[in-house]
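Below: the structure, in structure tokens.
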Amino acid sequence: MPKIVNHEERRGEVVAAARRIILRDGIEAATTRAIAKEAGYSNGVLTHYFADKDEILLSALEASHRRIADRLREKLSGRTGLAALRELLLDNVPLDGERAGETGLEVGFWGRCLTSPALLEVQRREAAELRYVVTSLLRSAAEAGEIRTNEDPEDVAERLLALVDGLSVHRLLYPANVTAERLERLLLREIDRLRGG
């Protein structure tokens, strides 16, 4: 009797293997051979589920973004305005091992995105979604009187997201200078400025 294979489960195993390699060894180490070995399959098996390495990497990036989005939905449940914005921004910086890994994975993809139109499209689409949420939370906070600013909320959102990206990279590169405590303090200070504080 032929073995019944759950194709979605096997794809998920390959994506999880790629993610583990990227988190542990960096995106350059995520070769098809390494991914197959990590997943416990032959290289040939990968071709049944993915067109090429970029499709595997794209799936790993999307899976990482889904994990983050799921975590954020739980953290933001019942929160609005400035409280939700604070949680969202703090969740997007590497304050612990899990988020440091996610940030490393994300940063690892940035360079590759510049040469892969498919990865760049996903990166831009998902960054636009995050920007939309941040802008919406800023508008909500302004309407509730929680912040005082004459700036365009889209400009404020862009500044906050650039701060998140910059501080995140500095935390990964210069952890002795940008400790988790300092990173959190700098980010919260920027949020406090929005209150007029």
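Ordered as shown in the structure tokens, chains take letters A, B, and onward, while each chain numbers its residues from 1 and ligands are numbered from 1 in the order shown.
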Q: Write down as a VMD selection string the residues belonging to segment 56-97 of chain A that are assigned alpha helix (DSSP H) by DSSP computed on the backbone.
A: chain A and resid 56 to 76 81 to 91 97
**Q.** For Val169 of chain A: contacts at 12 Å, only C-alpha atoms, fewer than 5 positions along chain excluded, given as a ChimeraX atom specification
**A.** /A:92-95,100-108,110,162-164,174-175,177-179,183
Dump N, CA and C atoms for the selected residues as a PDB file, in the first residue's frame?
ATOM      1  N   ASN A  92       8.039  44.816  18.073  1.00  0.00           N
ATOM      2  CA  ASN A  92       8.809  44.813  16.827  1.00  0.00           C
ATOM      3  C   ASN A  92      10.288  45.105  17.015  1.00  0.00           C
ATOM      4  N   VAL A  93      10.763  45.109  18.259  1.00  0.00           N
ATOM      5  CA  VAL A  93      12.193  45.304  18.508  1.00  0.00           C
ATOM      6  C   VAL A  93      12.742  44.102  19.279  1.00  0.00           C
ATOM      7  N   PRO A  94      14.036  43.823  19.131  1.00  0.00           N
ATOM      8  CA  PRO A  94      14.628  42.617  19.732  1.00  0.00           C
ATOM      9  C   PRO A  94      14.941  42.759  21.226  1.00  0.00           C
ATOM     10  N   LEU A  95      13.893  42.673  22.039  1.00  0.00           N
ATOM     11  CA  LEU A  95      14.074  42.792  23.485  1.00  0.00           C
ATOM     12  C   LEU A  95      14.299  41.451  24.167  1.00  0.00           C
ATOM     13  N   ALA A 100      14.803  38.755  18.905  1.00  0.00           N
ATOM     14  CA  ALA A 100      16.127  38.962  18.304  1.00  0.00           C
ATOM     15  C   ALA A 100      16.286  38.030  17.102  1.00  0.00           C
ATOM     16  N   GLY A 101      15.825  36.787  17.248  1.00  0.00           N
ATOM     17  CA  GLY A 101      15.873  35.854  16.124  1.00  0.00           C
ATOM     18  C   GLY A 101      15.022  36.328  14.964  1.00  0.00           C
ATOM     19  N   GLU A 102      13.826  36.786  15.265  1.00  0.00           N
ATOM     20  CA  GLU A 102      12.933  37.289  14.214  1.00  0.00           C
ATOM     21  C   GLU A 102      13.535  38.504  13.523  1.00  0.00           C
ATOM     22  N   THR A 103      14.143  39.386  14.312  1.00  0.00           N
ATOM     23  CA  THR A 103      14.761  40.578  13.735  1.00  0.00           C
ATOM     24  C   THR A 103      15.941  40.178  12.856  1.00  0.00           C
ATOM     25  N   GLY A 104      16.735  39.235  13.330  1.00  0.00           N
ATOM     26  CA  GLY A 104      17.857  38.755  12.520  1.00  0.00           C
ATOM     27  C   GLY A 104      17.388  38.146  11.216  1.00  0.00           C
ATOM     28  N   LEU A 105      16.308  37.381  11.277  1.00  0.00           N
ATOM     29  CA  LEU A 105      15.745  36.786  10.063  1.00  0.00           C
ATOM     30  C   LEU A 105      15.290  37.888   9.108  1.00  0.00           C
ATOM     31  N   GLU A 106      14.581  38.861   9.642  1.00  0.00           N
ATOM     32  CA  GLU A 106      14.059  39.967   8.827  1.00  0.00           C
ATOM     33  C   GLU A 106      15.199  40.750   8.176  1.00  0.00           C
ATOM     34  N   VAL A 107      16.181  41.124   8.961  1.00  0.00           N
ATOM     35  CA  VAL A 107      17.312  41.887   8.438  1.00  0.00           C
ATOM     36  C   VAL A 107      18.074  41.066   7.401  1.00  0.00           C
ATOM     37  N   GLY A 108      18.190  39.771   7.650  1.00  0.00           N
ATOM     38  CA  GLY A 108      18.854  38.899   6.689  1.00  0.00           C
ATOM     39  C   GLY A 108      18.182  38.908   5.320  1.00  0.00           C
ATOM     40  N   TRP A 110      16.590  41.525   4.023  1.00  0.00           N
ATOM     41  CA  TRP A 110      16.605  42.835   3.379  1.00  0.00           C
ATOM     42  C   TRP A 110      17.527  42.887   2.167  1.00  0.00           C
ATOM     43  N   ALA A 162      11.000  53.805  11.248  1.00  0.00           N
ATOM     44  CA  ALA A 162      12.436  53.955  10.973  1.00  0.00           C
ATOM     45  C   ALA A 162      13.235  53.834  12.270  1.00  0.00           C
ATOM     46  N   LEU A 163      12.701  54.382  13.352  1.00  0.00           N
ATOM     47  CA  LEU A 163      13.353  54.259  14.655  1.00  0.00           C
ATOM     48  C   LEU A 163      13.396  52.792  15.094  1.00  0.00           C
ATOM     49  N   VAL A 164      12.289  52.088  14.919  1.00  0.00           N
ATOM     50  CA  VAL A 164      12.241  50.661  15.256  1.00  0.00           C
ATOM     51  C   VAL A 164      13.299  49.897  14.460  1.00  0.00           C
ATOM     52  N   TYR A 174      25.371  46.070  17.962  1.00  0.00           N
ATOM     53  CA  TYR A 174      26.100  46.673  19.071  1.00  0.00           C
ATOM     54  C   TYR A 174      25.379  46.423  20.393  1.00  0.00           C
ATOM     55  N   PRO A 175      25.198  45.166  20.781  1.00  0.00           N
ATOM     56  CA  PRO A 175      24.393  44.868  21.966  1.00  0.00           C
ATOM     57  C   PRO A 175      24.950  45.459  23.265  1.00  0.00           C
ATOM     58  N   ASN A 177      26.265  48.399  23.542  1.00  0.00           N
ATOM     59  CA  ASN A 177      25.897  49.823  23.535  1.00  0.00           C
ATOM     60  C   ASN A 177      24.382  50.010  23.577  1.00  0.00           C
ATOM     61  N   VAL A 178      23.664  49.195  22.835  1.00  0.00           N
ATOM     62  CA  VAL A 178      22.205  49.296  22.797  1.00  0.00           C
ATOM     63  C   VAL A 178      21.639  48.061  23.505  1.00  0.00           C
ATOM     64  N   THR A 179      21.586  48.152  24.817  1.00  0.00           N
ATOM     65  CA  THR A 179      21.021  47.059  25.609  1.00  0.00           C
ATOM     66  C   THR A 179      19.509  47.037  25.404  1.00  0.00           C
ATOM     67  N   LEU A 183      17.227  50.295  24.580  1.00  0.00           N
ATOM     68  CA  LEU A 183      16.367  50.299  23.405  1.00  0.00           C
ATOM     69  C   LEU A 183      14.923  50.618  23.811  1.00  0.00           C
TER      70      LEU A 183
END
Q) A:Asp54, A:Glu121, A:Asp70, A:Glu13: which is nearest Tyr41 of chain A, counting only C-alpha atoms? A) A:Glu13
Q: Write out as a VMD selection string the residues lying within 10 Å of segment 149-157 of chain A, counting only C-alpha atoms and excluding same-chain residues fewer than 5 positions away.
A: chain A and resid 130 to 139 142 162 to 163 193 to 196
Just the selected residues (C-alpha atoms), exported as a PDB file, in the first residue's frame, please.
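Okay, this is what ended up in part-v6.pdb:
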ATOM      1  CA  LEU A 130       2.415  47.474   9.459  1.00  0.00           C
ATOM      2  CA  ARG A 131       2.618  51.141   8.446  1.00  0.00           C
ATOM      3  CA  TYR A 132      -1.181  51.203   8.039  1.00  0.00           C
ATOM      4  CA  VAL A 133      -1.716  49.743  11.522  1.00  0.00           C
ATOM      5  CA  VAL A 134       0.717  52.212  13.127  1.00  0.00           C
ATOM      6  CA  THR A 135      -0.921  55.136  11.305  1.00  0.00           C
ATOM      7  CA  SER A 136      -4.398  53.953  12.343  1.00  0.00           C
ATOM      8  CA  LEU A 137      -3.322  53.646  15.981  1.00  0.00           C
ATOM      9  CA  LEU A 138      -1.831  57.145  15.868  1.00  0.00           C
ATOM     10  CA  ARG A 139      -5.086  58.537  14.487  1.00  0.00           C
ATOM     11  CA  ALA A 142      -5.104  61.588  18.520  1.00  0.00           C
ATOM     12  CA  ALA A 162      12.436  53.955  10.973  1.00  0.00           C
ATOM     13  CA  LEU A 163      13.353  54.259  14.655  1.00  0.00           C
ATOM     14  CA  ARG A 193       7.045  62.935  23.031  1.00  0.00           C
ATOM     15  CA  LEU A 194       3.796  62.341  21.172  1.00  0.00           C
ATOM     16  CA  ARG A 195       1.901  63.035  24.383  1.00  0.00           C
ATOM     17  CA  GLY A 196       3.603  66.365  24.622  1.00  0.00           C
TER      18      GLY A 196
END
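Closest approach to Ala180 of chain A among A:Leu61, A:Leu76, A:Leu90, A:Val45: A:Leu90, based on only C-alpha atoms.
Nearest residue to Arg20 of chain A, choosing from A:Ile147, A:Ala60, A:Val122, A:Leu46 and counting only C-alpha atoms: A:Ala60.
Comparing A:Ala127, A:Ile191, A:Leu160, A:Val15 by their smallest distance to Lys53 of chain A, the closest is A:Val15 (using only C-alpha atoms).
Near Lys75 of chain A, within 10 Å and counting only C-alpha atoms, sit Ala69, Asp70, Ala84, Glu87, Leu88 and Asp91 of chain A, not including residues fewer than 5 positions from it in the same chain.
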Please produce a file of the residues just selected, as a PDB file, in the first residue's frame, where the atoms kept are N, CA and C atoms.
ATOM      1  N   ALA A  69       2.369  38.289  13.492  1.00  0.00           N
ATOM      2  CA  ALA A  69       1.009  38.840  13.439  1.00  0.00           C
ATOM      3  C   ALA A  69       0.092  38.137  14.435  1.00  0.00           C
ATOM      4  N   ASP A  70       0.224  36.822  14.550  1.00  0.00           N
ATOM      5  CA  ASP A  70      -0.592  36.075  15.522  1.00  0.00           C
ATOM      6  C   ASP A  70      -0.285  36.526  16.948  1.00  0.00           C
ATOM      7  N   ALA A  84      -2.063  50.387  22.523  1.00  0.00           N
ATOM      8  CA  ALA A  84      -1.846  49.405  21.459  1.00  0.00           C
ATOM      9  C   ALA A  84      -0.585  49.748  20.657  1.00  0.00           C
ATOM     10  N   GLU A  87       2.520  48.659  22.583  1.00  0.00           N
ATOM     11  CA  GLU A  87       2.726  47.202  22.515  1.00  0.00           C
ATOM     12  C   GLU A  87       3.234  46.779  21.145  1.00  0.00           C
ATOM     13  N   LEU A  88       2.645  47.342  20.109  1.00  0.00           N
ATOM     14  CA  LEU A  88       3.035  46.981  18.759  1.00  0.00           C
ATOM     15  C   LEU A  88       4.497  47.335  18.500  1.00  0.00           C
ATOM     16  N   ASP A  91       6.893  45.174  20.484  1.00  0.00           N
ATOM     17  CA  ASP A  91       6.942  43.808  19.977  1.00  0.00           C
ATOM     18  C   ASP A  91       7.791  43.705  18.714  1.00  0.00           C
TER      19      ASP A  91
END
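Atom CA of Ala39 of chain A is positioned 5.3 Å from atom CA of Ala17 of chain A.
Between atom CA of Leu85 of chain A and atom CA of Leu173 of chain A there is a distance of 25.5 Å.
Restricting the calculation to only C-alpha atoms, the smallest distance between Arg86 of chain A and any of A:Ala141, A:Ser59, A:Arg66, A:Ala30 is found for A:Ala141.
If you look at atom CA of Thr32 of chain A and atom CA of Ser168 of chain A, they are 28.7 Å away from each other.
Counting only C-alpha atoms, the residue from A:Lys37, A:His48, A:Arg185, A:Arg24 that sits nearest to Glu8 of chain A is A:His48.
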Q. If we count only C-alpha atoms, what is near Phe109 of chain A at a cut-off of 10 Å, once residues fewer than 3 positions away on the same chain are taken out, given as a list of chain:residue names?
A. A:Ile22, A:Gly26, A:Ile27, A:Glu28, A:Leu57, A:Leu58, A:Leu61, A:Thr103, A:Gly104, A:Leu105, A:Glu106, A:Arg112, A:Cys113, A:Leu114, A:Ser116, A:Leu119, A:Leu120, A:Gln123
Could those residues be written to a file, using all heavy atoms, as a short mmCIF file (atom, residue, chain, number, x, y, z; two decimals), in the first residue's frame?
data_model
loop_
_atom_site.label_atom_id
_atom_site.label_comp_id
_atom_site.auth_asym_id
_atom_site.auth_seq_id
_atom_site.Cartn_x
_atom_site.Cartn_y
_atom_site.Cartn_z
N ILE A 22 18.09 29.72 9.00
CA ILE A 22 18.28 31.17 8.90
C ILE A 22 18.49 31.77 10.29
O ILE A 22 19.39 32.59 10.48
CB ILE A 22 17.09 31.83 8.19
CG1 ILE A 22 17.01 31.37 6.73
CG2 ILE A 22 17.20 33.36 8.25
CD1 ILE A 22 15.70 31.68 6.04
N GLY A 26 22.12 32.08 9.57
CA GLY A 26 22.02 33.17 8.61
C GLY A 26 21.43 32.72 7.29
O GLY A 26 21.44 31.53 6.96
N ILE A 27 20.94 33.69 6.53
CA ILE A 27 20.24 33.37 5.28
C ILE A 27 21.16 32.74 4.24
O ILE A 27 20.73 31.89 3.46
CB ILE A 27 19.53 34.62 4.71
CG1 ILE A 27 18.51 34.22 3.65
CG2 ILE A 27 20.52 35.65 4.22
CD1 ILE A 27 17.55 35.31 3.26
N GLU A 28 22.44 33.11 4.24
CA GLU A 28 23.36 32.55 3.25
C GLU A 28 23.58 31.05 3.45
O GLU A 28 23.90 30.33 2.51
CB GLU A 28 24.70 33.30 3.27
CG GLU A 28 24.58 34.77 2.90
CD GLU A 28 23.87 35.02 1.59
OE1 GLU A 28 24.11 34.27 0.61
OE2 GLU A 28 23.06 35.96 1.52
N LEU A 57 12.45 30.30 0.66
CA LEU A 57 12.79 31.47 1.49
C LEU A 57 11.59 32.41 1.63
O LEU A 57 11.33 32.92 2.72
CB LEU A 57 13.99 32.21 0.90
CG LEU A 57 15.31 31.43 0.89
CD1 LEU A 57 16.41 32.25 0.23
CD2 LEU A 57 15.70 30.99 2.28
N LEU A 58 10.87 32.60 0.53
CA LEU A 58 9.67 33.43 0.57
C LEU A 58 8.65 32.85 1.56
O LEU A 58 8.07 33.56 2.37
CB LEU A 58 9.06 33.53 -0.82
CG LEU A 58 7.77 34.31 -0.97
CD1 LEU A 58 7.96 35.76 -0.58
CD2 LEU A 58 7.27 34.21 -2.40
N LEU A 61 9.81 33.56 5.10
CA LEU A 61 9.56 34.94 5.48
C LEU A 61 8.09 35.15 5.82
O LEU A 61 7.76 35.76 6.84
CB LEU A 61 9.99 35.88 4.35
CG LEU A 61 9.78 37.38 4.58
CD1 LEU A 61 10.62 37.87 5.76
CD2 LEU A 61 10.13 38.17 3.32
N THR A 103 14.14 39.39 14.31
CA THR A 103 14.76 40.58 13.74
C THR A 103 15.94 40.18 12.86
O THR A 103 16.10 40.71 11.75
CB THR A 103 15.22 41.55 14.85
OG1 THR A 103 14.09 41.92 15.62
CG2 THR A 103 15.88 42.78 14.27
N GLY A 104 16.74 39.23 13.33
CA GLY A 104 17.86 38.76 12.52
C GLY A 104 17.39 38.15 11.22
O GLY A 104 17.98 38.38 10.15
N LEU A 105 16.31 37.38 11.28
CA LEU A 105 15.75 36.79 10.06
C LEU A 105 15.29 37.89 9.11
O LEU A 105 15.62 37.87 7.92
CB LEU A 105 14.57 35.87 10.44
CG LEU A 105 13.91 35.13 9.28
CD1 LEU A 105 13.56 33.72 9.71
CD2 LEU A 105 12.67 35.84 8.81
N GLU A 106 14.58 38.86 9.64
CA GLU A 106 14.06 39.97 8.83
C GLU A 106 15.20 40.75 8.18
O GLU A 106 15.19 40.99 6.96
CB GLU A 106 13.23 40.89 9.71
CG GLU A 106 12.45 41.93 8.97
CD GLU A 106 11.24 41.40 8.25
OE1 GLU A 106 10.71 40.34 8.63
OE2 GLU A 106 10.83 42.04 7.27
N ARG A 112 18.68 40.41 0.38
CA ARG A 112 18.19 39.49 -0.65
C ARG A 112 16.98 40.07 -1.38
O ARG A 112 16.78 39.80 -2.57
CB ARG A 112 17.87 38.14 -0.03
CG ARG A 112 17.64 37.07 -1.06
CD ARG A 112 17.80 35.69 -0.46
NE ARG A 112 17.59 34.69 -1.46
CZ ARG A 112 18.55 34.16 -2.20
NH1 ARG A 112 19.80 34.53 -2.01
NH2 ARG A 112 18.27 33.24 -3.09
N CYS A 113 16.18 40.85 -0.68
CA CYS A 113 15.00 41.47 -1.29
C CYS A 113 15.37 42.40 -2.45
O CYS A 113 14.61 42.56 -3.40
CB CYS A 113 14.21 42.28 -0.26
SG CYS A 113 13.25 41.26 0.86
N LEU A 114 16.54 43.00 -2.36
CA LEU A 114 16.96 43.93 -3.40
C LEU A 114 17.25 43.24 -4.73
O LEU A 114 17.28 43.89 -5.77
CB LEU A 114 18.19 44.72 -2.94
CG LEU A 114 17.96 45.60 -1.70
CD1 LEU A 114 19.25 46.27 -1.28
CD2 LEU A 114 16.87 46.63 -1.96
N SER A 116 15.63 40.10 -5.44
CA SER A 116 14.53 39.15 -5.68
C SER A 116 13.20 39.90 -5.70
O SER A 116 12.69 40.27 -4.65
CB SER A 116 14.50 38.07 -4.60
OG SER A 116 13.31 37.29 -4.71
N LEU A 119 10.53 38.44 -3.27
CA LEU A 119 10.76 38.75 -1.86
C LEU A 119 10.51 40.23 -1.58
O LEU A 119 9.94 40.59 -0.55
CB LEU A 119 12.19 38.38 -1.45
CG LEU A 119 12.51 36.90 -1.30
CD1 LEU A 119 14.00 36.70 -1.06
CD2 LEU A 119 11.69 36.28 -0.19
N LEU A 120 10.93 41.08 -2.50
CA LEU A 120 10.73 42.52 -2.34
C LEU A 120 9.24 42.86 -2.30
O LEU A 120 8.80 43.68 -1.49
CB LEU A 120 11.43 43.30 -3.46
CG LEU A 120 11.38 44.82 -3.36
CD1 LEU A 120 12.01 45.32 -2.07
CD2 LEU A 120 12.07 45.43 -4.57
N GLN A 123 7.93 41.85 1.10
CA GLN A 123 8.46 42.77 2.10
C GLN A 123 7.72 44.10 2.06
O GLN A 123 7.32 44.63 3.09
CB GLN A 123 9.96 42.98 1.87
CG GLN A 123 10.67 43.69 2.98
CD GLN A 123 10.74 42.85 4.24
OE1 GLN A 123 10.86 41.64 4.19
NE2 GLN A 123 10.63 43.48 5.38
#
